[in-house]
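Shown here: run38.txt, compact mmCIF, C-alpha atoms (C1' of nucleotides).
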```txt
# COMPACT_ATOMS: atom_id res chain seq x y z
CA MET A 6 -9.88 186.69 167.37
CA TYR A 7 -12.82 184.46 166.54
CA ASP A 8 -10.59 181.41 166.43
CA ILE A 9 -10.80 180.78 170.14
CA LEU A 10 -14.58 180.80 169.97
CA ARG A 11 -14.51 178.45 167.03
CA LYS A 12 -12.25 176.01 168.78
CA TYR A 13 -14.41 176.28 171.85
CA ILE A 14 -17.56 175.40 169.91
CA ASP A 15 -15.85 172.47 168.19
CA ARG A 16 -14.67 171.18 171.52
CA VAL A 17 -17.91 171.34 173.48
CA THR A 18 -20.08 170.05 170.66
CA SER A 19 -17.57 167.31 169.77
CA ALA A 20 -17.80 168.32 166.12
CA VAL A 21 -16.11 170.51 163.54
CA ILE A 22 -18.20 173.47 162.55
CA THR A 23 -18.35 174.33 158.84
CA ASP A 24 -17.16 177.66 157.46
CA GLU A 25 -20.66 178.45 156.24
CA GLU A 26 -22.14 177.93 159.66
CA PHE A 27 -19.41 179.82 161.42
CA VAL A 28 -20.12 182.91 159.30
CA TYR A 29 -23.41 183.33 161.17
CA ILE A 30 -21.61 183.17 164.45
CA GLU A 31 -18.98 185.69 163.41
CA GLN A 32 -21.68 188.06 162.28
CA ALA A 33 -23.56 187.79 165.55
CA PHE A 34 -20.67 188.69 167.82
CA ASP A 35 -18.91 192.03 168.11
CA VAL A 36 -15.41 192.43 169.44
CA ARG A 37 -15.25 194.55 172.55
CA LYS A 38 -12.19 195.51 174.55
CA VAL A 39 -12.45 196.29 178.25
CA LYS A 40 -9.66 197.69 180.38
CA ARG A 41 -8.83 196.46 183.86
CA LYS A 42 -11.44 197.66 186.40
CA GLN A 43 -13.84 198.68 183.64
CA PHE A 44 -17.43 197.52 184.07
CA LEU A 45 -19.39 195.33 181.70
CA LEU A 46 -22.49 195.30 183.89
CA HIS A 47 -23.65 197.47 186.78
CA GLU A 48 -26.06 196.33 189.46
CA GLY A 49 -29.53 197.57 188.61
CA SER A 50 -29.18 197.50 184.85
CA VAL A 51 -30.14 194.71 182.50
CA CYS A 52 -27.37 192.43 181.35
CA ARG A 53 -27.55 193.04 177.60
CA TYR A 54 -24.76 190.77 176.47
CA MET A 55 -23.65 187.25 176.47
CA SER A 56 -19.87 187.55 176.36
CA PHE A 57 -17.21 185.09 175.38
CA ILE A 58 -13.82 185.95 176.83
CA ALA A 59 -11.25 185.76 174.02
CA SER A 60 -8.50 186.95 176.35
CA GLY A 61 -8.25 188.33 179.86
CA ALA A 62 -9.98 187.78 183.18
CA MET A 63 -13.38 188.89 184.43
CA ARG A 64 -15.38 188.63 187.60
CA GLN A 65 -19.01 188.82 188.62
CA TYR A 66 -20.01 189.90 192.11
CA SER A 67 -22.81 191.22 194.25
CA ILE A 68 -22.75 193.62 197.17
CA ASP A 69 -24.70 192.66 200.29
CA ASN A 70 -26.54 194.89 202.76
CA SER A 71 -23.38 195.39 204.80
CA GLY A 72 -21.49 196.57 201.74
CA ASN A 73 -19.40 193.44 201.36
CA GLU A 74 -18.53 192.10 197.93
CA HIS A 75 -19.32 188.49 197.15
CA ILE A 76 -17.78 187.13 194.00
CA THR A 77 -20.05 184.61 192.32
CA THR A 78 -18.03 184.00 189.17
CA LEU A 79 -14.41 184.23 188.15
CA ALA A 80 -13.76 183.65 184.46
CA LEU A 81 -10.75 183.47 182.17
CA GLU A 82 -10.29 183.36 178.39
CA GLY A 83 -12.36 180.59 176.83
CA TRP A 84 -15.20 181.08 179.31
CA TRP A 85 -18.51 182.85 179.00
CA ILE A 86 -19.67 185.57 181.31
CA SER A 87 -23.17 186.96 181.69
CA ASP A 88 -25.94 187.18 184.24
CA ARG A 89 -28.15 184.58 182.61
CA GLY A 90 -31.18 185.46 184.69
CA SER A 91 -31.02 189.11 183.74
CA PHE A 92 -30.04 188.39 180.14
CA TYR A 93 -32.75 185.88 179.29
CA ASN A 94 -35.56 187.46 181.29
CA VAL A 95 -34.52 191.04 180.52
CA THR A 96 -34.72 192.02 184.17
CA PRO A 97 -32.42 194.26 186.24
CA SER A 98 -29.37 192.45 187.53
CA ARG A 99 -28.21 192.32 191.13
CA TYR A 100 -24.66 191.75 189.98
CA ASN A 101 -21.68 193.70 188.75
CA ILE A 102 -19.29 192.40 186.14
CA ASP A 103 -15.92 194.02 185.67
CA ALA A 104 -12.52 193.24 184.20
CA VAL A 105 -9.74 191.95 186.44
CA GLU A 106 -7.27 192.18 183.53
CA ASP A 107 -7.49 194.07 180.24
CA SER A 108 -9.72 191.75 178.25
CA THR A 109 -11.08 191.13 174.79
CA LEU A 110 -14.65 189.93 174.58
CA LEU A 111 -16.94 188.66 171.87
CA VAL A 112 -20.38 190.00 172.74
CA ALA A 113 -23.87 189.42 171.36
CA ASN A 114 -27.21 190.74 172.58
CA LEU A 115 -30.34 188.66 173.13
CA GLU A 116 -31.84 189.29 169.67
CA ARG A 117 -28.66 188.14 167.99
CA ILE A 118 -28.35 185.12 170.23
CA ASN A 119 -31.92 184.07 169.56
CA LEU A 120 -31.51 184.55 165.84
CA LEU A 121 -28.27 182.63 165.93
CA LYS A 122 -29.94 179.71 167.65
CA GLU A 123 -32.32 179.50 164.71
CA GLN A 124 -29.60 179.92 162.11
CA SER A 125 -27.04 177.54 163.54
CA LEU A 126 -27.95 174.18 164.97
CA THR A 127 -24.40 173.83 166.23
CA PHE A 128 -24.68 177.05 168.17
CA LEU A 129 -28.00 175.93 169.63
CA LYS A 130 -26.37 172.71 170.71
CA MET A 131 -23.49 174.63 172.22
CA ALA A 132 -25.79 176.95 174.12
CA HIS A 133 -27.61 173.96 175.49
CA ILE A 134 -24.44 172.24 176.61
CA LEU A 135 -23.27 175.51 178.08
CA ASP A 136 -26.34 175.76 180.25
CA GLN A 137 -25.98 172.14 181.29
CA ASN A 138 -22.36 172.65 182.28
CA HIS A 139 -23.24 175.80 184.11
CA SER A 140 -25.92 173.92 186.04
CA ILE A 141 -23.54 171.13 186.91
CA ALA A 142 -20.80 173.51 188.02
CA ALA A 143 -23.28 175.50 190.08
CA GLN A 144 -24.37 172.30 191.81
CA LYS A 145 -20.79 171.55 192.77
CA ARG A 146 -20.26 175.02 194.13
CA ILE A 147 -23.39 174.76 196.24
CA GLU A 148 -22.12 171.54 197.70
CA ALA A 149 -18.71 173.06 198.37
CA SER A 150 -20.08 176.17 200.01
CA VAL A 151 -22.55 174.31 202.17
CA SER A 152 -20.52 171.35 203.32
CA TYR A 153 -16.87 172.34 203.27
CA SER A 154 -14.77 173.99 205.96
CA ALA A 155 -12.50 176.91 205.07
CA GLU A 156 -9.59 174.55 204.51
CA GLU A 157 -11.64 172.16 202.41
CA LYS A 158 -12.86 175.06 200.29
CA TYR A 159 -9.31 176.15 199.72
CA ASN A 160 -8.25 172.67 198.70
CA TYR A 161 -11.25 172.38 196.44
CA LEU A 162 -10.16 175.52 194.61
CA VAL A 163 -6.56 174.35 194.30
CA GLN A 164 -7.81 171.15 192.77
CA ALA A 165 -10.62 172.54 190.64
CA HIS A 166 -9.04 175.77 189.38
CA PRO A 167 -5.29 175.91 189.98
CA GLU A 168 -5.00 178.43 187.14
CA PHE A 169 -6.91 181.00 189.20
CA PHE A 170 -4.03 181.41 191.62
CA ASN A 171 -1.76 183.25 189.21
CA ARG A 172 -4.53 185.30 187.66
CA PHE A 173 -6.61 186.61 190.55
CA PRO A 174 -5.44 188.24 193.79
CA GLN A 175 -5.87 186.08 196.84
CA SER A 176 -8.52 188.37 198.26
CA MET A 177 -10.74 187.70 195.26
CA LEU A 178 -10.28 183.98 195.60
CA ALA A 179 -11.29 184.37 199.25
CA SER A 180 -14.46 186.20 198.28
CA TYR A 181 -15.19 183.56 195.64
CA LEU A 182 -14.99 180.89 198.34
CA GLY A 183 -17.04 182.90 200.80
CA LEU A 184 -14.13 183.56 203.14
CA THR A 185 -12.47 186.73 204.39
CA PRO A 186 -8.98 187.55 203.06
CA GLU A 187 -7.59 187.01 206.57
CA THR A 188 -9.06 183.53 206.87
CA MET A 189 -7.84 182.72 203.38
CA SER A 190 -4.33 183.78 204.33
CA ARG A 191 -4.34 181.68 207.49
CA VAL A 192 -5.71 178.62 205.75
CA ARG A 193 -3.11 178.98 203.04
CA LYS A 194 -0.35 179.09 205.64
CA GLN A 195 -1.79 175.98 207.29
CA VAL A 196 -1.99 174.02 204.06
CA LEU A 197 1.46 175.02 202.79
CA SER A 198 3.12 173.98 206.07
CA ARG A 199 2.45 170.32 205.38
CA MET B 20 -51.02 161.33 185.26
CA TYR B 21 -49.34 162.98 182.28
CA ASP B 22 -51.55 166.03 182.63
CA ILE B 23 -49.29 167.69 185.16
CA LEU B 24 -46.34 167.32 182.84
CA ARG B 25 -48.35 168.69 179.95
CA LYS B 26 -49.43 171.73 181.93
CA TYR B 27 -45.88 172.20 183.08
CA ILE B 28 -44.57 172.21 179.52
CA ASP B 29 -47.26 174.64 178.39
CA ARG B 30 -46.41 176.92 181.24
CA VAL B 31 -42.65 177.09 180.90
CA THR B 32 -42.68 177.32 177.11
CA SER B 33 -45.53 179.88 177.12
CA ALA B 34 -47.35 177.84 174.50
CA VAL B 35 -49.98 175.14 174.15
CA ILE B 36 -48.53 171.86 173.00
CA THR B 37 -50.47 169.96 170.34
CA ASP B 38 -51.87 166.48 170.94
CA GLU B 39 -49.68 165.07 168.16
CA GLU B 40 -46.55 166.44 169.76
CA PHE B 41 -47.51 165.37 173.24
CA VAL B 42 -47.83 161.77 172.08
CA TYR B 43 -44.06 161.63 171.71
CA ILE B 44 -43.61 162.89 175.21
CA GLU B 45 -46.08 160.41 176.68
CA GLN B 46 -44.29 157.59 174.91
CA ALA B 47 -40.90 158.63 176.22
CA PHE B 48 -41.82 158.68 179.89
CA ASP B 49 -42.70 155.71 182.08
CA VAL B 50 -44.72 156.01 185.25
CA ARG B 51 -42.81 154.92 188.29
CA LYS B 52 -44.00 154.86 191.87
CA VAL B 53 -41.56 155.17 194.75
CA LYS B 54 -42.42 154.71 198.39
CA ARG B 55 -41.20 156.98 201.15
CA LYS B 56 -37.49 156.37 201.88
CA GLN B 57 -37.05 154.37 198.70
CA PHE B 58 -34.02 155.31 196.61
CA LEU B 59 -34.06 156.54 193.04
CA LEU B 60 -30.29 156.95 192.91
CA HIS B 61 -27.45 155.63 195.04
CA GLU B 62 -24.09 157.33 195.34
CA GLY B 63 -21.62 155.61 193.02
CA SER B 64 -24.10 154.59 190.35
CA VAL B 65 -25.01 156.47 187.20
CA CYS B 66 -28.16 158.53 187.31
CA ARG B 67 -30.12 156.83 184.52
CA TYR B 68 -33.28 158.89 184.65
CA MET B 69 -34.56 162.33 184.30
CA SER B 70 -37.63 162.33 186.51
CA PHE B 71 -40.62 164.60 186.62
CA ILE B 72 -42.42 164.49 189.95
CA ALA B 73 -46.14 164.05 189.25
CA SER B 74 -46.88 163.83 192.97
CA GLY B 75 -44.89 163.56 196.16
CA ALA B 76 -41.63 164.92 197.51
CA MET B 77 -38.04 163.96 196.79
CA ARG B 78 -34.60 164.98 197.96
CA GLN B 79 -31.06 164.81 196.66
CA TYR B 80 -28.13 164.74 199.05
CA SER B 81 -24.47 163.87 199.41
CA ILE B 82 -22.59 162.45 202.35
CA ASP B 83 -19.31 164.10 203.33
CA ASN B 84 -16.15 162.55 204.78
CA SER B 85 -17.47 162.96 208.32
CA GLY B 86 -20.63 161.09 207.41
CA ASN B 87 -22.87 164.14 207.45
CA GLU B 88 -25.70 164.46 204.97
CA HIS B 89 -25.91 167.61 202.88
CA ILE B 90 -29.13 168.12 200.98
CA THR B 91 -28.55 169.85 197.66
CA THR B 92 -32.07 169.66 196.29
CA LEU B 93 -35.56 169.41 197.67
CA ALA B 94 -38.30 168.94 195.10
CA LEU B 95 -42.07 168.68 195.08
CA GLU B 96 -44.66 167.70 192.46
CA GLY B 97 -44.19 169.70 189.28
CA TRP B 98 -40.41 169.75 189.63
CA TRP B 99 -37.73 167.70 187.96
CA ILE B 100 -35.13 165.70 189.83
CA SER B 101 -31.95 164.19 188.46
CA ASP B 102 -28.20 164.49 188.84
CA ARG B 103 -27.65 166.31 185.57
CA GLY B 104 -23.90 165.82 185.61
CA SER B 105 -24.19 162.07 186.03
CA PHE B 106 -27.15 161.78 183.69
CA TYR B 107 -25.73 163.70 180.73
CA ASN B 108 -22.13 162.55 181.05
CA VAL B 109 -23.02 159.00 182.10
CA THR B 110 -20.63 159.13 185.04
CA PRO B 111 -21.04 157.79 188.59
CA SER B 112 -22.94 160.16 190.84
CA ARG B 113 -21.80 161.43 194.20
CA TYR B 114 -25.40 161.95 195.24
CA ASN B 115 -28.29 159.99 196.61
CA ILE B 116 -31.89 160.65 195.65
CA ASP B 117 -34.71 159.24 197.71
CA ALA B 118 -38.37 159.84 198.35
CA VAL B 119 -39.47 161.94 201.32
CA GLU B 120 -43.10 161.07 200.61
CA ASP B 121 -44.64 158.28 198.53
CA SER B 122 -44.24 159.72 195.06
CA THR B 123 -45.25 159.18 191.46
CA LEU B 124 -42.61 159.97 188.87
CA LEU B 125 -42.48 160.19 185.11
CA VAL B 126 -39.06 158.88 184.16
CA ALA B 127 -37.09 158.76 180.91
CA ASN B 128 -33.57 157.58 180.24
CA LEU B 129 -30.93 159.45 178.25
CA GLU B 130 -31.68 157.74 174.92
CA ARG B 131 -35.33 158.60 175.17
CA ILE B 132 -34.60 162.17 176.22
CA ASN B 133 -32.23 162.67 173.32
CA LEU B 134 -34.68 161.16 170.86
CA LEU B 135 -37.44 163.29 172.28
CA LYS B 136 -35.40 166.43 171.81
CA GLU B 137 -35.21 165.58 168.12
CA GLN B 138 -38.88 164.66 167.86
CA SER B 139 -40.38 167.54 169.77
CA LEU B 140 -39.16 171.09 169.38
CA THR B 141 -41.34 172.08 172.31
CA PHE B 142 -39.63 169.56 174.52
CA LEU B 143 -36.23 170.80 173.38
CA LYS B 144 -37.26 174.31 174.26
CA MET B 145 -38.50 173.15 177.64
CA ALA B 146 -35.28 171.31 178.39
CA HIS B 147 -33.35 174.41 177.52
CA ILE B 148 -35.44 176.65 179.76
CA LEU B 149 -35.20 174.04 182.48
CA ASP B 150 -31.42 174.19 182.44
CA GLN B 151 -31.49 177.96 182.43
CA ASN B 152 -33.82 178.10 185.41
CA HIS B 153 -31.71 175.56 187.21
CA SER B 154 -28.62 177.67 186.63
CA ILE B 155 -30.31 180.82 187.82
CA ALA B 156 -31.70 179.14 190.93
CA ALA B 157 -28.32 177.61 191.67
CA GLN B 158 -26.72 181.03 191.40
CA LYS B 159 -29.14 182.40 193.97
CA ARG B 160 -28.49 179.55 196.35
CA ILE B 161 -24.75 180.05 196.11
CA GLU B 162 -25.17 183.70 196.91
CA ALA B 163 -27.45 182.89 199.83
CA SER B 164 -25.12 180.32 201.29
CA VAL B 165 -22.05 182.51 200.95
CA SER B 166 -23.36 185.83 202.14
CA TYR B 167 -26.24 185.14 204.49
CA SER B 168 -26.21 184.51 208.22
CA ALA B 169 -28.21 181.61 209.67
CA GLU B 170 -31.18 183.87 210.27
CA GLU B 171 -31.01 185.39 206.80
CA LYS B 172 -30.88 181.92 205.27
CA TYR B 173 -33.95 180.95 207.21
CA ASN B 174 -35.81 184.04 206.04
CA TYR B 175 -34.70 183.42 202.50
CA LEU B 176 -36.27 179.98 202.62
CA VAL B 177 -39.50 181.25 204.15
CA GLN B 178 -39.74 183.76 201.35
CA ALA B 179 -38.51 181.58 198.47
CA HIS B 180 -40.15 178.25 199.35
CA PRO B 181 -42.81 178.59 202.05
CA GLU B 182 -44.41 175.38 200.78
CA PHE B 183 -41.37 173.40 201.95
CA PHE B 184 -42.25 173.94 205.60
CA ASN B 185 -45.27 171.63 205.63
CA ARG B 186 -43.69 169.03 203.41
CA PHE B 187 -40.19 168.49 204.73
CA PRO B 188 -39.06 167.97 208.33
CA GLN B 189 -37.19 170.91 209.78
CA SER B 190 -33.96 168.96 209.97
CA MET B 191 -34.00 168.52 206.20
CA LEU B 192 -34.59 172.20 205.68
CA ALA B 193 -31.63 172.84 207.97
CA SER B 194 -29.43 170.57 205.90
CA TYR B 195 -30.67 172.24 202.73
CA LEU B 196 -29.55 175.61 204.13
CA GLY B 197 -26.24 174.26 205.38
CA LEU B 198 -27.18 174.56 209.05
CA THR B 199 -27.41 172.05 211.86
CA PRO B 200 -30.90 171.10 213.09
CA GLU B 201 -30.07 172.74 216.41
CA THR B 202 -29.16 176.06 214.84
CA MET B 203 -32.28 175.87 212.68
CA SER B 204 -34.40 175.35 215.75
CA ARG B 205 -32.84 178.28 217.57
CA VAL B 206 -33.11 180.61 214.60
CA ARG B 207 -36.73 179.66 214.14
CA LYS B 208 -37.46 180.50 217.76
CA GLN B 209 -35.74 183.85 217.33
CA VAL B 210 -37.65 184.76 214.21
CA LEU B 211 -41.04 183.63 215.51
CA SER B 212 -40.67 185.67 218.70
CA ARG B 213 -40.99 188.92 216.77
C1' DC C 27 -50.25 152.94 223.55
C1' DG C 28 -45.11 151.99 222.55
C1' DA C 29 -41.54 153.00 219.50
C1' DT C 30 -39.31 155.69 216.52
C1' DT C 31 -38.32 160.02 214.74
C1' DC C 32 -38.02 164.87 215.08
C1' DT C 33 -37.40 169.05 217.82
C1' DT C 34 -35.89 171.72 221.55
C1' DT C 35 -32.70 173.26 225.13
C1' DG C 36 -28.30 173.92 227.62
C1' DA C 37 -23.37 174.34 228.14
C1' DA C 38 -18.95 174.22 226.16
C1' DA C 39 -15.85 174.32 222.28
C1' DA C 40 -14.45 175.39 217.68
C1' DC C 41 -14.33 178.09 213.83
C1' DA C 42 -14.35 182.04 211.14
C1' DG C 43 -14.97 187.06 211.26
C1' DT C 44 -13.55 191.74 212.74
C1' DC C 45 -10.47 195.34 213.73
C1' DA C 46 -6.05 197.17 213.66
C1' DA C 47 -1.25 197.13 212.82
C1' DT C 48 2.59 195.59 210.20
C1' DC C 49 4.86 193.71 206.27
C1' DT C 50 5.79 192.96 201.30
C1' DG C 51 6.10 193.82 196.67
C1' DT C 52 5.26 196.73 192.65
C1' DG C 53 4.98 200.67 190.10
C1' DT C 54 5.35 205.78 189.69
C1' DG C 55 7.12 210.26 189.90
C1' DG C 56 10.65 213.28 191.40
C1' DC D 28 17.76 205.46 190.59
C1' DC D 29 15.79 206.22 194.76
C1' DA D 30 11.85 207.22 197.59
C1' DC D 31 7.37 207.08 198.24
C1' DA D 32 2.75 205.53 197.70
C1' DC D 33 -0.42 202.02 197.17
C1' DA D 34 -2.51 197.65 196.99
C1' DG D 35 -2.40 193.21 198.66
C1' DA D 36 -0.99 189.84 202.20
C1' DT D 37 0.06 188.60 206.82
C1' DT D 38 -0.26 188.49 211.82
C1' DG D 39 -2.23 189.15 216.48
C1' DA D 40 -5.82 189.72 219.80
C1' DC D 41 -10.50 189.62 220.43
C1' DT D 42 -15.43 188.81 219.45
C1' DG D 43 -19.35 186.49 217.93
C1' DT D 44 -21.78 183.01 215.61
C1' DT D 45 -22.46 178.36 214.74
C1' DT D 46 -21.35 173.62 215.89
C1' DT D 47 -20.97 169.84 218.91
C1' DC D 48 -22.37 166.82 222.45
C1' DA D 49 -25.76 165.33 225.51
C1' DA D 50 -30.19 165.02 227.33
C1' DA D 51 -34.94 165.87 227.60
C1' DG D 52 -39.27 166.90 225.38
C1' DA D 53 -42.87 166.63 221.48
C1' DA D 54 -44.95 164.54 217.75
C1' DT D 55 -46.15 160.89 214.63
C1' DC D 56 -47.22 156.31 213.08
C1' DG D 57 -48.19 151.52 213.13
```
Encoded form (structure tokens):
Amino acid sequence: MYDILRKYIDRVTSAVITDEEFVYIEQAFDVRKVKRKQFLLHEGSVCRYMSFIASGAMRQYSIDNSGNEHITTLALEGWWISDRGSFYNVTPSRYNIDAVEDSTLLVANLERINLLKEQSLTFLKMAHILDQNHSIAAQKRIEASVSYSAEEKYNYLVQAHPEFFNRFPQSMLASYLGLTPETMSRVRKQVLSR
Amino acid sequence: MYDILRKYIDRVTSAVITDEEFVYIEQAFDVRKVKRKQFLLHEGSVCRYMSFIASGAMRQYSIDNSGNEHITTLALEGWWISDRGSFYNVTPSRYNIDAVEDSTLLVANLERINLLKEQSLTFLKMAHILDQNHSIAAQKRIEASVSYSAEEKYNYLVQAHPEFFNRFPQSMLASYLGLTPETMSRVRKQVLSR
DNA sequence: CGATTCTTTGAAAACAGTCAATCTGTGTGG
DNA sequence: CCACACAGATTGACTGTTTTCAAAGAATCG
């Protein structure tokens, strides 16, 4: 179960973590199983966990004034999911996080994460790189959402995350791109007819 | 000159940095002056510097296939500007960064930043918080650009960054919000007439 | 001033969204 | 095993918002 996390840490830090150091990490994270459609975070409550997805698929979304869902994050096994703002600042979240597939998570609360950062230099390094990558990815998504047409957004997703297409329903991908399911369907038809 | 940076570090880390520690930081950063319209980064080259804006105003933007500019970042004194992806991974950037006003920057290259993170725990902490804040802000911007109408985007900017309005021309604010200057002008008229 | 840059305005076109109906596939219960 | 229900995807017609193009009007700076 913890293997995937271990491999992940090795990969992003470009190092091989020692058994002694990994013990701290194992101790910090609990295994938690969530069933499809089950919530990990509800709008209005504080995001208490930083969660590593060992298996499954999760999504994060907000609901606007008109009641429409807007997916901000789609995540598969080997990714982290959390509302960083809520988690680090211990403030109520404006997002919901739920499971798109039955999933297994490794979760740790803020106290454990902070302790872990002191105990394990490798974990600290990983957390840092994680934030950097998250920043960089967020930058790209801003660019895509601001400057791309519906078709360009679709193509961007095909190129950037082809694996999403067999894991998430098309309507979720649409929401992730900021499109309606209808527009998504039409764009898809367009693109495939070439 | 370095005072603003020092105050900034104290503020974000919720601590008071010692003189001994700040010496390392002073040594790592060079003062660099850029005139209005002068470039700090050109698309295609590697972003070599992490820059703290001591005074002035800067912007970061990309140019799409149709030749349209899309501003991804607007930054004033007391903010950092850099293409993190390019800087940390030492890869060519797809962005341009130039000065909107004559500006004074404190710049450090990757080697110096990495060294500094080893020398100063406070700086490491700051860098970490910086990335977190950047992530959180990016998240908000994605949400805004995906789920807000032109008018809502305008109001969001008024509320989130009122100071931008006397520092950047309206057309840049439009680009920052993913709108055309014309739409921005019309929305502004709408909003002001209430 | 004169020149450049930025903003506003108008009219038309394009793009994506909305609403509603139909279609498709999958899984469940009789 | 079939029939039905349900969720997701597609299609069509229409609407509305934003963009585009073009021109005129401010504002700013040397």
Correct to one decimal, the distance atom CA of B:Glu96-atom CA of B:Ile44 is 17.9 Å
Just need the residues of chain B within 10 Å of chain C, counting all atoms listed in the file, so spit them out as a VMD selection string. chain B and resid 188 to 190 200 to 201 203 to 205 208
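In this model, the gap between atom CA of B:Asp49 and atom CA of B:Ser70 comes to 9.4 Å.
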Can you list every residue of chain A that has an atom at most 7 Å from chain B, with its nearest atom pair and the distance in Å to one decimal, using all atoms listed in the file, ordered by chain then number, as CSV?
```
residue,atom,partner,partner_atom,distance
A:His75,CA,B:Ser166,CA,6.9
A:Thr77,CA,B:Glu162,CA,6.9
A:Arg89,CA,B:Ile155,CA,6.8
A:Gly90,CA,B:Ile155,CA,5.7
A:His133,CA,B:His147,CA,6.1
A:Asp136,CA,B:Asp150,CA,5.8
A:Gln137,CA,B:Asp150,CA,5.9
A:His139,CA,B:Ser154,CA,6.2
A:Ser140,CA,B:Ser154,CA,4.7
A:Ile141,CA,B:Gly104,CA,5.5
A:Ala143,CA,B:Ala157,CA,5.7
A:Gln144,CA,B:Ala157,CA,6.6
A:Ile147,CA,B:Ile161,CA,5.5
A:Glu148,CA,B:Thr91,CA,6.6
A:Ser150,CA,B:Ser164,CA,6.7
A:Val151,CA,B:Gly197,CA,4.9
A:Ser152,CA,B:His89,CA,6.6
A:Gly183,CA,B:Val165,CA,5.0
```
- [ ] Define the interface residues of chain D facing chain B as those within 12 Å, counting all atoms listed in the file, and report them as number ranges by chain.
- [x] D: 44-48, 54-55
Between atom CA of B:Ser139 and atom CA of B:Val35 lies a distance of 13.0 Å
